[in-house]
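The next block is start09.cif, given as mmCIF, C-alpha atoms and all ligand atoms.
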```cif
data_start
#
loop_
_atom_site.label_atom_id
_atom_site.label_comp_id
_atom_site.auth_asym_id
_atom_site.auth_seq_id
_atom_site.Cartn_x
_atom_site.Cartn_y
_atom_site.Cartn_z
CA MET W 21 -4.32 -163.62 -53.97
CA GLY W 22 -3.90 -167.42 -53.74
CA SER W 23 -0.54 -169.13 -54.06
CA LEU W 24 0.22 -170.74 -57.40
CA ILE W 25 3.69 -171.95 -56.42
CA GLU W 26 4.94 -172.85 -52.97
CA ALA W 27 8.61 -173.75 -52.59
CA GLN W 28 9.84 -174.76 -49.17
CA GLY W 29 13.44 -175.49 -48.18
CA LEU W 30 14.67 -176.30 -51.70
CA CYS W 31 18.18 -177.75 -51.90
CA LYS W 32 20.11 -178.85 -54.97
CA SER W 33 23.77 -179.88 -55.23
CA TYR W 34 25.85 -180.89 -58.22
CA ARG W 35 28.79 -183.24 -58.31
CA ARG W 36 31.82 -181.68 -59.91
CA PRO W 37 35.44 -182.67 -60.21
CA GLY W 38 36.88 -181.66 -56.85
CA GLY W 39 33.64 -181.95 -54.86
CA MET W 40 30.01 -181.01 -54.56
CA VAL W 41 28.58 -177.58 -55.38
CA GLU W 42 25.58 -176.52 -53.33
CA ALA W 43 23.80 -174.57 -56.07
CA VAL W 44 20.60 -173.95 -54.06
CA ARG W 45 20.60 -174.08 -50.24
CA ASP W 46 17.33 -174.03 -48.34
CA VAL W 47 15.45 -171.60 -50.58
CA SER W 48 11.76 -170.93 -49.94
CA PHE W 49 9.32 -168.68 -51.81
CA GLU W 50 5.75 -168.37 -52.99
CA ILE W 51 4.39 -167.02 -56.24
CA GLY W 52 0.82 -165.76 -56.10
CA THR W 53 -1.68 -166.15 -58.91
CA GLY W 54 -1.05 -163.30 -61.35
CA GLU W 55 2.05 -162.20 -59.46
CA CYS W 56 5.58 -161.61 -60.76
CA LEU W 57 8.39 -162.78 -58.49
CA GLY W 58 11.81 -161.46 -59.47
CA VAL W 59 14.97 -163.40 -58.61
CA VAL W 60 18.19 -161.43 -58.68
CA GLY W 61 21.77 -162.38 -57.90
CA GLU W 62 25.21 -162.52 -59.42
CA SER W 63 26.39 -165.26 -61.76
CA GLY W 64 26.54 -168.62 -59.97
CA SER W 65 24.13 -167.64 -57.17
CA GLY W 66 21.73 -170.44 -58.09
CA LYS W 67 19.04 -168.56 -60.06
CA SER W 68 18.96 -170.87 -63.07
CA THR W 69 18.92 -173.91 -60.80
CA VAL W 70 15.72 -172.55 -59.24
CA SER W 71 14.21 -172.16 -62.71
CA ARG W 72 15.23 -175.70 -63.71
CA LEU W 73 13.64 -177.08 -60.54
CA LEU W 74 10.40 -175.26 -61.36
CA LEU W 75 10.45 -176.49 -64.94
CA ALA W 76 10.94 -180.03 -63.59
CA LEU W 77 14.17 -180.34 -65.60
CA GLU W 78 15.89 -181.18 -62.30
CA ARG W 79 14.67 -182.68 -59.04
CA PRO W 80 15.45 -181.07 -55.69
CA ASP W 81 17.61 -183.10 -53.27
CA ARG W 82 15.43 -181.84 -50.43
CA GLY W 83 12.47 -179.55 -49.92
CA SER W 84 9.03 -179.31 -51.47
CA LEU W 85 7.78 -177.61 -54.60
CA ARG W 86 4.06 -177.37 -55.22
CA LEU W 87 1.95 -176.11 -58.11
CA GLU W 88 -1.56 -175.41 -56.79
CA GLY W 89 -0.85 -177.84 -53.97
CA VAL W 90 0.45 -180.64 -56.23
CA SER W 91 4.03 -181.79 -55.57
CA LEU W 92 5.94 -181.25 -58.84
CA PRO W 93 8.96 -183.49 -58.12
CA GLU W 94 6.67 -186.46 -57.47
CA LEU W 95 4.92 -186.24 -60.83
CA LYS W 96 5.73 -188.90 -63.40
CA GLY W 97 4.65 -189.98 -66.88
CA GLU W 98 1.37 -188.54 -68.12
CA ALA W 99 0.81 -186.41 -64.99
CA LEU W 100 4.26 -184.80 -65.46
CA ARG W 101 3.56 -184.24 -69.16
CA ARG W 102 0.23 -182.58 -68.38
CA SER W 103 1.77 -180.31 -65.74
CA ARG W 104 4.30 -178.96 -68.26
CA ARG W 105 1.63 -176.98 -70.11
CA HIS W 106 1.15 -174.86 -66.98
CA ILE W 107 4.81 -173.82 -66.60
CA GLN W 108 6.49 -172.55 -69.75
CA ALA W 109 9.80 -170.78 -70.21
CA VAL W 110 11.63 -168.02 -72.04
CA PHE W 111 15.43 -168.23 -71.91
CA GLN W 112 18.28 -165.80 -72.45
CA ASP W 113 19.12 -167.11 -75.88
CA PRO W 114 15.99 -167.33 -78.06
CA SER W 115 17.88 -169.59 -80.47
CA ALA W 116 17.70 -172.28 -77.78
CA SER W 117 13.94 -172.58 -78.22
CA LEU W 118 13.73 -171.81 -81.95
CA ASN W 119 14.70 -174.34 -84.58
CA ASP W 120 16.91 -172.62 -87.15
CA ARG W 121 15.68 -174.90 -89.93
CA LEU W 122 11.99 -174.15 -89.36
CA PRO W 123 10.01 -171.04 -90.30
CA VAL W 124 9.09 -169.16 -87.16
CA TRP W 125 5.41 -170.10 -87.27
CA ARG W 126 6.31 -173.77 -86.80
CA SER W 127 8.30 -173.01 -83.64
CA VAL W 128 5.48 -170.83 -82.31
CA VAL W 129 2.81 -173.55 -82.67
CA GLU W 130 4.98 -176.47 -81.54
CA PRO W 131 3.69 -176.36 -77.93
CA LEU W 132 0.12 -176.40 -79.32
CA ASP W 133 0.99 -179.44 -81.44
CA ASN W 134 2.26 -181.16 -78.29
CA PHE W 135 -0.99 -180.42 -76.43
CA PRO W 136 -3.79 -180.82 -78.99
CA GLU W 137 -6.39 -180.85 -76.21
CA VAL W 138 -5.49 -177.32 -75.04
CA VAL W 139 -7.52 -174.42 -76.47
CA PRO W 140 -6.39 -171.10 -74.93
CA PRO W 141 -9.17 -168.48 -74.83
CA PHE W 142 -7.24 -166.14 -77.12
CA LEU W 143 -6.97 -168.85 -79.81
CA GLN W 144 -10.54 -170.15 -79.61
CA GLU W 145 -11.54 -169.04 -83.11
CA VAL W 146 -8.33 -170.08 -84.86
CA ARG W 147 -7.15 -173.15 -82.91
CA GLN W 148 -7.79 -175.58 -85.79
CA ASP W 149 -5.63 -173.53 -88.14
CA ARG W 150 -1.95 -173.67 -87.14
CA ARG W 151 -0.81 -170.72 -89.26
CA ALA W 152 -3.72 -168.56 -88.06
CA SER W 153 -2.87 -169.51 -84.46
CA ALA W 154 0.76 -168.50 -85.04
CA ALA W 155 -0.38 -165.22 -86.64
CA ARG W 156 -2.53 -164.39 -83.60
CA LEU W 157 0.37 -165.19 -81.24
CA LEU W 158 2.78 -163.04 -83.26
CA GLU W 159 0.29 -160.15 -83.04
CA MET W 160 0.09 -160.62 -79.28
CA VAL W 161 3.85 -160.10 -78.98
CA GLY W 162 3.85 -157.07 -81.29
CA LEU W 163 5.21 -158.76 -84.41
CA ASP W 164 3.87 -158.44 -87.93
CA PRO W 165 2.22 -161.74 -88.92
CA GLY W 166 3.99 -161.21 -92.25
CA LEU W 167 7.05 -162.66 -90.49
CA LEU W 168 5.38 -166.09 -90.21
CA GLY W 169 7.39 -167.66 -93.00
CA ARG W 170 10.74 -166.15 -92.02
CA TYR W 171 13.56 -168.16 -90.49
CA PRO W 172 15.12 -167.22 -87.13
CA HIS W 173 18.38 -166.03 -88.71
CA GLU W 174 16.41 -163.51 -90.79
CA LEU W 175 15.14 -161.76 -87.64
CA SER W 176 16.78 -159.33 -85.22
CA GLY W 177 17.64 -160.45 -81.66
CA GLY W 178 14.64 -158.59 -80.28
CA GLN W 179 12.29 -160.13 -82.87
CA ARG W 180 13.66 -163.60 -82.10
CA GLN W 181 13.01 -163.06 -78.39
CA ARG W 182 9.44 -161.95 -79.20
CA VAL W 183 8.96 -165.18 -81.17
CA ALA W 184 10.28 -167.15 -78.17
CA ILE W 185 7.79 -165.28 -75.95
CA ALA W 186 4.95 -166.07 -78.40
CA ARG W 187 5.92 -169.73 -78.05
CA GLY W 188 6.09 -169.37 -74.27
CA ILE W 189 2.53 -168.04 -73.98
CA ALA W 190 1.00 -170.28 -76.69
CA LEU W 191 -0.54 -172.67 -74.14
CA SER W 192 -1.65 -169.82 -71.84
CA PRO W 193 0.52 -171.17 -69.01
CA LYS W 194 -0.20 -170.40 -65.37
CA LEU W 195 3.46 -169.51 -64.87
CA LEU W 196 6.00 -168.12 -67.33
CA VAL W 197 9.59 -168.63 -66.18
CA CYS W 198 11.81 -165.96 -67.76
CA ASP W 199 15.50 -166.74 -67.22
CA GLU W 200 17.61 -163.69 -68.18
CA PRO W 201 15.25 -162.96 -71.11
CA THR W 202 16.79 -159.56 -71.90
CA SER W 203 20.45 -160.18 -71.10
CA SER W 204 21.58 -160.75 -74.68
CA LEU W 205 19.74 -157.70 -76.08
CA ASP W 206 20.63 -154.04 -76.64
CA VAL W 207 19.48 -151.71 -73.86
CA THR W 208 16.63 -150.09 -75.84
CA VAL W 209 15.38 -153.49 -77.01
CA GLN W 210 15.58 -154.74 -73.41
CA ALA W 211 13.16 -152.04 -72.29
CA HIS W 212 10.63 -153.02 -74.98
CA ILE W 213 10.81 -156.70 -74.08
CA LEU W 214 10.34 -155.93 -70.35
CA LYS W 215 7.28 -153.84 -71.20
CA LEU W 216 5.89 -156.61 -73.38
CA LEU W 217 6.36 -159.28 -70.70
CA LYS W 218 4.68 -157.10 -68.09
CA SER W 219 1.69 -156.31 -70.29
CA LEU W 220 1.25 -159.96 -71.33
CA GLN W 221 1.42 -161.01 -67.69
CA ARG W 222 -1.38 -158.57 -66.83
CA GLU W 223 -3.47 -159.29 -69.93
CA LEU W 224 -3.33 -163.07 -69.50
CA GLY W 225 -3.48 -162.99 -65.69
CA MET W 226 -0.46 -165.29 -65.58
CA SER W 227 2.20 -165.50 -62.90
CA MET W 228 5.82 -164.89 -63.76
CA LEU W 229 9.20 -165.83 -62.33
CA PHE W 230 11.62 -163.26 -63.71
CA ILE W 231 15.31 -164.08 -63.26
CA SER W 232 18.12 -161.64 -63.93
CA HIS W 233 21.48 -160.47 -62.62
CA ASP W 234 20.19 -156.94 -63.37
CA LEU W 235 18.31 -155.52 -60.38
CA ALA W 236 16.92 -152.58 -62.38
CA ALA W 237 15.33 -154.99 -64.87
CA VAL W 238 13.96 -157.18 -62.07
CA HIS W 239 12.62 -154.14 -60.22
CA SER W 240 10.82 -152.82 -63.29
CA VAL W 241 8.66 -155.95 -63.77
CA SER W 242 8.38 -157.64 -60.36
CA ASP W 243 5.81 -157.35 -57.58
CA ARG W 244 8.18 -159.02 -55.12
CA ILE W 245 11.91 -159.70 -55.28
CA LEU W 246 14.04 -162.56 -53.96
CA VAL W 247 17.77 -161.86 -53.69
CA MET W 248 20.10 -164.85 -53.98
CA LYS W 249 23.76 -165.13 -53.05
CA ASP W 250 25.85 -168.33 -53.05
CA GLY W 251 22.73 -170.50 -53.31
CA LEU W 252 21.02 -168.81 -50.37
CA SER W 253 18.00 -166.55 -50.31
CA VAL W 254 19.35 -163.49 -48.49
CA ASP W 255 16.43 -161.05 -48.83
CA THR W 256 12.77 -161.01 -49.93
CA PHE W 257 10.68 -157.87 -50.20
CA GLY W 258 7.91 -156.08 -52.06
CA SER W 259 9.26 -154.14 -55.06
CA GLY W 260 8.26 -150.81 -53.47
CA ASP W 261 10.51 -151.52 -50.47
CA ILE W 262 13.73 -151.79 -52.45
CA LEU W 263 15.25 -148.73 -50.78
CA HIS W 264 13.90 -149.51 -47.30
CA PRO W 265 16.61 -149.14 -44.60
CA GLU W 266 15.99 -152.72 -43.47
CA ARG W 267 17.19 -154.17 -46.78
CA HIS W 268 20.02 -156.69 -46.52
CA PRO W 269 23.45 -155.08 -47.09
CA TYR W 270 23.88 -157.21 -50.23
CA THR W 271 20.58 -155.90 -51.66
CA ARG W 272 21.76 -152.36 -50.89
CA LEU W 273 24.98 -153.06 -52.75
CA LEU W 274 23.07 -154.31 -55.81
CA ALA W 275 20.72 -151.31 -55.62
CA ALA W 276 23.61 -148.85 -55.40
CA ALA W 277 25.23 -150.44 -58.46
CA ALA W 278 21.94 -150.34 -60.40
CA HIS W 279 20.97 -146.70 -59.81
N1 LIG W 301 24.67 -179.16 -64.25
C1 LIG W 301 25.56 -178.66 -63.38
N2 LIG W 301 26.65 -179.39 -63.03
C2 LIG W 301 27.55 -178.90 -62.15
N3 LIG W 301 27.46 -177.68 -61.57
C3 LIG W 301 26.40 -176.92 -61.89
C4 LIG W 301 25.40 -177.35 -62.83
N4 LIG W 301 24.47 -176.37 -62.94
C5 LIG W 301 24.88 -175.36 -62.14
N5 LIG W 301 26.03 -175.69 -61.51
C6 LIG W 301 26.75 -174.84 -60.52
O1 LIG W 301 25.79 -174.43 -59.54
C7 LIG W 301 26.01 -173.08 -59.17
C8 LIG W 301 24.76 -172.27 -59.44
O2 LIG W 301 24.54 -172.22 -60.86
P1 LIG W 301 23.31 -171.48 -61.55
O3 LIG W 301 23.43 -171.66 -63.03
O4 LIG W 301 22.05 -171.93 -60.91
O5 LIG W 301 23.56 -169.96 -61.15
P2 LIG W 301 23.02 -168.62 -61.82
O6 LIG W 301 22.80 -167.68 -60.70
O7 LIG W 301 21.88 -168.93 -62.71
O8 LIG W 301 24.25 -168.13 -62.65
P3 LIG W 301 24.34 -167.79 -64.20
O9 LIG W 301 23.57 -166.53 -64.36
O10 LIG W 301 25.80 -167.63 -64.44
O11 LIG W 301 23.74 -168.97 -64.91
C9 LIG W 301 27.23 -172.62 -59.96
O12 LIG W 301 28.36 -172.79 -59.14
C10 LIG W 301 27.27 -173.56 -61.13
O13 LIG W 301 28.58 -173.71 -61.60
#
```
What's the structure tokens form of this structure?
Amino acid sequence: MGSLIEAQGLCKSYRRPGGMVEAVRDVSFEIGTGECLGVVGESGSGKSTVSRLLLALERPDRGSLRLEGVSLPELKGEALRRSRRHIQAVFQDPSASLNDRLPVWRSVVEPLDNFPEVVPPFLQEVRQDRRASAARLLEMVGLDPGLLGRYPHELSGGQRQRVAIARGIALSPKLLVCDEPTSSLDVTVQAHILKLLKSLQRELGMSMLFISHDLAAVHSVSDRILVMKDGLSVDTFGSGDILHPERHPYTRLLAAAAH
């Protein structure tokens, strides 16, 4: 399995009243092609900062971040724009990526409108028809295409998150960054969304960065897990080794709380 993402020695600080906060301190990881890397840690451990660095919403102060060997922080202009199709995101609050004043189909096809040159294999036959493209994407996330004309506030939380996922996969990205995608949902809905993300990841052969404070959720979808604490990476291991005696004491603490 080749590496899609290589992050080496990432550091990111923020200036705040009273001093600097070192949100991410010397964090390194790789994400293989088709692999899911889970990132777990308590609130404030630096998880979302890692996701913002990957999405090129922030630049690291130090360290390198490569997508298929290309340095992401050095990209500018058109090259940066083009790279964005390869790394898409699903956030905790689906309302953040859905426009309340637009019917859901418009939000789903917006990434396709931004990249008219992109024709994902699963949209080949319908790419010229925006509503048909949205219908196909809704089907892929287990929603009835009859919901196309509905507005976000007419949907349940779980349905809204499925719409956000449809939008996230619309361009068939190489990496889907999921930042606490189930944290605002009921437990039973959470399980369905985790299952959906895992099956889409397999079906589309895409890589995933799955971020959560919930180790059980991370464990259920990830091939490998990175544990963060106070901006540091304290443990990295294959999902099957979660109960291995060599796990970091902090990982053991999280595992004990989760089971
Ligand atoms: N834009 C910012 N300005 C100032 N401080 C920030 C900013 N973004 C994050 N921080 C601080 O950096 C640290 C890490 O935050 P981050 O959001 O990455 O953690 P997290 O693990 O994702 O936590 P949460 O799940 O609560 O979002 C925290 O102390 C946070 O307050």
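Distances here use only C-alpha atoms and all ligand atoms; by that measure, the residue among W:Val41, W:Ala99, W:Leu274, W:Leu87 closest to ligand LIG 301 (chain W) is W:Val41.
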Select, counting only C-alpha atoms, all protein, DNA and RNA residues no farther than 12 Å from (9.5, -182.2, -65.5) in file coordinates, and express the selection as a ChimeraX atom specification. /W:71-80,85,91-108
Using only C-alpha atoms, which residues sit within 8 Å of region 250-256 of chain W once same-chain residues fewer than 2 positions away are excluded, as a VMD selection string? chain W and resid 42 to 48 64 to 67 244 to 248 258 267 to 268 270 to 271
Of the candidates W:Lys194, W:Lys249, W:Arg35, W:Arg151, which one gets nearest to Ser23 (chain W) if we count only C-alpha atoms? W:Lys194
Selected residue of minimal separation from Leu214 (chain W) among W:Leu196, W:Ala236, W:Val241, W:Val70, counting all atoms listed in the file: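 That would be W:Val241, the residue with the smallest distance to Leu214 (chain W).
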Rank nothing, just name the residue among W:Ser204, W:Thr53, W:Gln210, W:Gln181 nearest to ligand LIG 301 (chain W), using all atoms listed in the file.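 Distance minimum relative to ligand LIG 301 (chain W) lands on W:Ser204.
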How many Å separate CA of Glu26 (chain W) from CA of Val161 (chain W)?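 CA of Val161 (chain W) lies 29.0 Å from CA of Glu26 (chain W).
Between CA of Leu143 (chain W) and CA of Arg121 (chain W) lies a distance of 25.5 Å.
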Please report the interatomic distance between CA of Glu50 (chain W) and CA of Phe230 (chain W) in Å with one decimal.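 Computed distance, CA of Glu50 (chain W) to CA of Phe230 (chain W), equals 13.2 Å.
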Quick one: everything within 10 Å of region 184-193 of chain W, counting only C-alpha atoms, minus sequence neighbours fewer than 4 positions away in the same chain. Send it as a ChimeraX atom specification. /W:103-118,124-132,134-135,138-143,153-163,178-180,197-198,201,213,216-217,220-221,224-228
Which of W:Ser84, W:Val209, W:Glu62, W:Ala237 sits closest to Leu30 (chain W) [using all atoms listed in the file]: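 For Leu30 (chain W), the nearest of the candidates is W:Ser84.
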If the box runs along x, y and z of the file and leaves 4 Å on each side of region 155-160 of chain W, what are its centre and edge lengths in Å, one decimal, as JSON?
```
{"center_x": 0.1, "center_y": -162.7, "center_z": -83.0, "size_x": 13.3, "size_y": 13.1, "size_z": 15.4}
```
